[in-house]
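Undergrad: See model.cif below, with mmCIF, C-alpha atoms.
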data_work
#
loop_
_atom_site.label_atom_id
_atom_site.label_comp_id
_atom_site.auth_asym_id
_atom_site.auth_seq_id
_atom_site.Cartn_x
_atom_site.Cartn_y
_atom_site.Cartn_z
CA MET Y 1 10.31 -9.01 -38.32
CA ILE Y 2 8.79 -12.34 -37.37
CA VAL Y 3 5.01 -12.67 -37.46
CA LEU Y 4 3.04 -15.18 -35.38
CA ILE Y 5 -0.41 -15.78 -36.78
CA VAL Y 6 -2.78 -17.00 -34.07
CA GLU Y 7 -6.35 -18.26 -34.31
CA GLY Y 8 -8.28 -15.92 -32.03
CA GLU Y 9 -8.30 -12.91 -29.73
CA GLY Y 10 -7.55 -14.97 -26.61
CA ASP Y 11 -4.57 -16.53 -28.36
CA LYS Y 12 -3.30 -13.07 -29.30
CA ILE Y 13 -3.54 -11.84 -25.70
CA PHE Y 14 -1.69 -14.91 -24.45
CA PHE Y 15 1.08 -14.82 -27.05
CA GLU Y 16 1.61 -11.09 -26.54
CA TYR Y 17 2.21 -11.96 -22.88
CA VAL Y 18 4.59 -14.76 -23.93
CA ARG Y 19 6.45 -12.42 -26.26
CA ASP Y 20 6.68 -9.53 -23.78
CA VAL Y 21 7.12 -11.33 -20.43
CA VAL Y 22 8.32 -14.90 -21.00
CA PHE Y 23 10.59 -14.43 -24.04
CA GLN Y 24 11.22 -10.72 -23.30
CA GLN Y 25 11.09 -9.74 -26.97
CA SER Y 26 9.99 -6.47 -28.49
CA PRO Y 27 6.79 -6.04 -30.56
CA VAL Y 28 9.16 -4.64 -33.20
CA GLN Y 29 10.85 -8.06 -33.40
CA ILE Y 30 7.76 -10.27 -33.19
CA GLU Y 31 4.32 -9.21 -34.38
CA ILE Y 32 1.26 -11.18 -33.26
CA ALA Y 33 -1.56 -11.26 -35.83
CA CYS Y 34 -5.05 -12.55 -35.03
CA ALA Y 35 -6.75 -14.52 -37.83
CA GLN Y 36 -10.22 -14.78 -36.19
CA GLY Y 37 -10.43 -18.54 -36.73
CA ILE Y 38 -8.43 -21.40 -38.22
CA ASN Y 39 -10.23 -21.38 -41.57
CA ARG Y 40 -9.55 -17.68 -42.04
CA MET Y 41 -5.94 -18.29 -41.05
CA LEU Y 42 -5.58 -20.96 -43.73
CA LYS Y 43 -7.48 -19.07 -46.45
CA GLU Y 44 -6.31 -15.48 -45.95
CA GLU Y 45 -3.96 -14.58 -43.13
CA LEU Y 46 -1.25 -17.19 -43.65
CA PRO Y 47 -1.15 -16.87 -47.47
CA ASN Y 48 -1.01 -13.05 -47.12
CA ALA Y 49 1.81 -13.26 -44.59
CA ILE Y 50 3.71 -15.67 -46.86
CA SER Y 51 3.34 -13.14 -49.67
CA PHE Y 52 4.83 -10.43 -47.41
CA LEU Y 53 7.64 -12.84 -46.48
CA GLN Y 54 8.40 -13.42 -50.17
CA GLN Y 55 8.54 -9.65 -50.66
CA GLY Y 56 11.07 -9.35 -47.82
CA LEU Y 57 8.72 -7.59 -45.39
CA TYR Y 58 8.93 -10.43 -42.83
CA THR Y 59 11.83 -12.68 -41.87
CA LYS Y 60 9.69 -15.61 -40.64
CA VAL Y 61 6.03 -16.54 -40.51
CA ILE Y 62 4.79 -18.97 -37.85
CA ALA Y 63 1.22 -20.28 -37.71
CA VAL Y 64 0.16 -20.98 -34.10
CA PHE Y 65 -2.73 -23.43 -33.95
CA ASP Y 66 -4.64 -25.73 -31.61
CA GLU Y 67 -4.47 -29.44 -32.40
CA ASP Y 68 -8.18 -29.99 -31.80
CA LYS Y 69 -10.28 -29.73 -34.96
CA MET Y 70 -7.26 -29.76 -37.30
CA HIS Y 71 -8.44 -33.04 -38.81
CA GLU Y 72 -11.81 -31.56 -39.76
CA PRO Y 73 -12.47 -30.81 -43.45
CA TYR Y 74 -10.96 -27.66 -44.89
CA ASP Y 75 -12.49 -28.04 -48.32
CA LYS Y 76 -13.82 -30.95 -50.38
CA ARG Y 77 -10.38 -32.46 -50.96
CA LYS Y 78 -8.38 -31.99 -47.76
CA THR Y 79 -8.39 -31.42 -44.02
CA ARG Y 80 -7.18 -28.32 -42.19
CA ILE Y 81 -3.89 -29.99 -41.26
CA GLU Y 82 -3.30 -30.97 -44.90
CA ARG Y 83 -3.88 -27.37 -45.98
CA LEU Y 84 -1.51 -26.13 -43.28
CA GLN Y 85 1.14 -28.62 -44.42
CA GLU Y 86 0.79 -27.28 -47.99
CA LEU Y 87 1.32 -23.72 -46.81
CA LEU Y 88 4.34 -24.69 -44.72
CA GLN Y 89 6.05 -25.97 -47.86
CA VAL Y 90 5.67 -22.68 -49.78
CA HIS Y 91 8.74 -21.00 -48.27
CA PRO Y 92 11.60 -22.26 -46.07
CA PHE Y 93 10.90 -19.58 -43.44
CA VAL Y 94 7.26 -20.57 -42.86
CA GLY Y 95 6.59 -22.81 -39.88
CA GLY Y 96 3.96 -23.89 -37.42
CA PHE Y 97 3.60 -24.25 -33.67
CA GLN Y 98 0.99 -26.63 -32.31
CA VAL Y 99 -0.44 -25.61 -28.94
CA ARG Y 100 -1.15 -29.08 -27.55
CA GLU Y 101 -4.88 -29.87 -27.64
CA ASN Y 102 -5.79 -26.19 -27.22
CA LEU Y 103 -4.57 -23.01 -25.58
CA GLU Y 104 -6.78 -23.45 -22.51
CA ASP Y 105 -4.95 -26.68 -21.57
CA LEU Y 106 -1.62 -24.90 -21.73
CA ILE Y 107 -2.82 -22.01 -19.58
CA GLU Y 108 -4.39 -24.31 -16.99
CA ASP Y 109 -1.12 -26.23 -16.64
CA CYS Y 110 0.61 -22.98 -15.65
CA LEU Y 111 -1.93 -21.97 -12.98
CA ASP Y 112 -2.22 -23.14 -9.39
CA GLN Y 113 -5.09 -25.54 -8.64
CA PRO Y 114 -7.50 -22.91 -7.18
CA GLN Y 115 -6.79 -20.58 -10.09
CA ARG Y 116 -7.67 -23.31 -12.60
CA ALA Y 117 -11.27 -23.43 -11.38
CA GLU Y 118 -11.58 -19.64 -11.64
CA PHE Y 119 -10.08 -19.74 -15.14
CA ARG Y 120 -12.61 -22.37 -16.27
CA GLN Y 121 -15.50 -20.29 -14.90
CA GLN Y 122 -14.27 -17.15 -16.63
CA ARG Y 123 -13.65 -19.04 -19.87
CA HIS Y 124 -17.33 -19.99 -20.05
CA ARG Y 125 -18.21 -16.28 -20.08
CA SER Y 126 -15.44 -15.02 -22.36
CA LYS Y 127 -12.26 -16.70 -23.53
CA PRO Y 128 -10.38 -13.39 -24.11
CA ALA Y 129 -11.36 -12.12 -20.64
CA ALA Y 130 -10.31 -15.44 -19.07
CA VAL Y 131 -6.94 -15.28 -20.83
CA ARG Y 132 -6.46 -11.66 -19.70
CA TRP Y 133 -7.21 -12.75 -16.13
CA ALA Y 134 -4.85 -15.74 -16.36
CA VAL Y 135 -1.85 -13.75 -17.58
CA GLN Y 136 -2.32 -11.37 -14.64
CA GLN Y 137 -1.88 -14.30 -12.25
CA ASP Y 138 1.50 -15.71 -11.38
CA LEU Y 139 1.80 -18.20 -14.22
CA ASP Y 140 4.48 -20.81 -13.67
CA GLN Y 141 7.22 -19.25 -15.81
CA ALA Y 142 9.51 -22.30 -15.76
CA HIS Y 143 6.68 -24.62 -16.78
CA LEU Y 144 5.53 -22.20 -19.49
CA LYS Y 145 9.05 -21.85 -20.90
CA ALA Y 146 9.39 -25.63 -21.00
CA LYS Y 147 6.08 -25.99 -22.85
CA LEU Y 148 7.07 -23.29 -25.35
CA THR Y 149 10.63 -24.47 -26.05
CA VAL Y 150 9.74 -25.51 -29.60
CA LEU Y 151 8.23 -22.09 -30.30
CA GLN Y 152 11.28 -20.35 -28.89
CA ARG Y 153 13.55 -22.46 -31.13
CA SER Y 154 11.40 -21.56 -34.12
CA LEU Y 155 11.70 -17.86 -33.29
CA GLN Y 156 15.46 -18.14 -32.90
CA CYS Y 157 16.39 -20.48 -35.75
CA GLN Y 158 14.80 -23.71 -36.99
CA LEU Y 159 11.13 -23.79 -37.92
CA MET Y 160 8.82 -26.66 -37.07
CA ARG Y 161 7.26 -27.85 -40.30
CA ASP Y 162 5.96 -31.42 -39.95
CA PHE Y 163 2.61 -32.04 -38.25
CA LYS Y 164 0.40 -35.08 -38.55
#
Before anything else, please render the file you have as structure tokens.
TA:
Amino acid sequence: MIVLIVEGEGDKIFFEYVRDVVFQQSPVQIEIACAQGINRMLKEELPNAISFLQQGLYTKVIAVFDEDKMHEPYDKRKTRIERLQELLQVHPFVGGFQVRENLEDLIEDCLDQPQRAEFRQQRHRSKPAAVRWAVQQDLDQAHLKAKLTVLQRSLQCQLMRDFK
């Protein structure tokens, strides 16, 4: 089983949609785990998943993260991206997928112009609710597949490991 570790609840909703509808994969093949924040992902969720990978319980672990705020401090010695890079080197089947600036940008790109305004309004109230609403719209499947090509390659074979 492959596990995708995502930052938040909205990310989980979106990537479950991607798994089920866009990539047409089974939850048995790809599990989506919500870390409840990038710091928690880097401190707990990703190291725990790597431990399960080393025990043979997972076949791959992929951290899904937004680029914004990755250069902020993680601890006194390094940034979040530096910590992620450390974790990616622990095992050859650990990788990362960077969601552009953030997930909202990706979703907006796959919505029609009038839907984008509605998505922004809903996002101000609740990001998870806005993501739920967005995946119920007719997202541009071809555009979404193109934007997620790197993730699909990572699920199928090579992992993305180098981020700056």
Undergrad: Name every residue that the PyMOL selection byres ((chain Y and resi 156) around 12) selects in this structure, writing the answer as a JSON list (two decimals) with C-alpha atoms, keeping the file's coordinate frame with chains first and numbers rising.
TA:
[["chain", "number", "residue", "atom", "x", "y", "z"],
["Y", 1, "MET", "CA", 10.31, -9.01, -38.32],
["Y", 2, "ILE", "CA", 8.79, -12.34, -37.37],
["Y", 23, "PHE", "CA", 10.59, -14.43, -24.04],
["Y", 25, "GLN", "CA", 11.09, -9.74, -26.97],
["Y", 29, "GLN", "CA", 10.85, -8.06, -33.40],
["Y", 30, "ILE", "CA", 7.76, -10.27, -33.19],
["Y", 59, "THR", "CA", 11.83, -12.68, -41.87],
["Y", 60, "LYS", "CA", 9.69, -15.61, -40.64],
["Y", 62, "ILE", "CA", 4.79, -18.97, -37.85],
["Y", 93, "PHE", "CA", 10.90, -19.58, -43.44],
["Y", 149, "THR", "CA", 10.63, -24.47, -26.05],
["Y", 150, "VAL", "CA", 9.74, -25.51, -29.60],
["Y", 151, "LEU", "CA", 8.23, -22.09, -30.30],
["Y", 152, "GLN", "CA", 11.28, -20.35, -28.89],
["Y", 153, "ARG", "CA", 13.55, -22.46, -31.13],
["Y", 154, "SER", "CA", 11.40, -21.56, -34.12],
["Y", 155, "LEU", "CA", 11.70, -17.86, -33.29],
["Y", 157, "CYS", "CA", 16.39, -20.48, -35.75],
["Y", 158, "GLN", "CA", 14.80, -23.71, -36.99],
["Y", 159, "LEU", "CA", 11.13, -23.79, -37.92],
["Y", 160, "MET", "CA", 8.82, -26.66, -37.07]]
Undergrad: Selection in question (the file shown): the PyMOL selection byres ((chain Y and resi 49) around 10). Which residues does it include, as a list in words?
TA: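 On the file shown, the PyMOL selection byres ((chain Y and resi 49) around 10) covers Val3, Leu4, Ile5, Ala33, Met41, Glu44, Glu45, Leu46, Pro47, Asn48, Ile50, Ser51, Phe52, Leu53, Gln54, Gln55, Leu57, Tyr58, Lys60, Val61, Ile62, Ala63 and Val94 of chain Y.
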Undergrad: Restricting the calculation to only C-alpha atoms, which member of Y:Ser26, Y:Ala142, Y:Gly56, Y:Val6 is positioned closest to Gly96 of chain Y?
TA: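 Of the candidates, the smallest distance to Gly96 of chain Y is held by Y:Val6.
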Undergrad: Need to verify the contact set: Gln141 of chain Y, 10 Å, only C-alpha atoms, exclusion of same-chain residues closer than 5 positions in sequence. Can you return it as an MDAnalysis selection string?
TA: chainID Y and resid 18 21:22 110:111 146:147
Undergrad: If you keep C-alpha atoms, can you produce a file of those selected residues as a compact mmCIF listing (two decimals), keeping the file's coordinate frame?
TA:
# COMPACT_ATOMS: atom_id res chain seq x y z
CA VAL Y 18 4.59 -14.76 -23.93
CA VAL Y 21 7.12 -11.33 -20.43
CA VAL Y 22 8.32 -14.90 -21.00
CA CYS Y 110 0.61 -22.98 -15.65
CA LEU Y 111 -1.93 -21.97 -12.98
CA ALA Y 146 9.39 -25.63 -21.00
CA LYS Y 147 6.08 -25.99 -22.85
Undergrad: One decimal, in Å: what's the spacing between atom CA of Gln89 of chain Y and atom CA of Glu9 of chain Y?
TA: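 Going from atom CA of Gln89 of chain Y over to atom CA of Glu9 of chain Y covers 26.6 Å.
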Undergrad: Tell me, in Å to one decimal, how far atom CA of Val64 of chain Y is from atom CA of Phe97 of chain Y.
TA: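 Distance reported for this atom pair: 4.8 Å.
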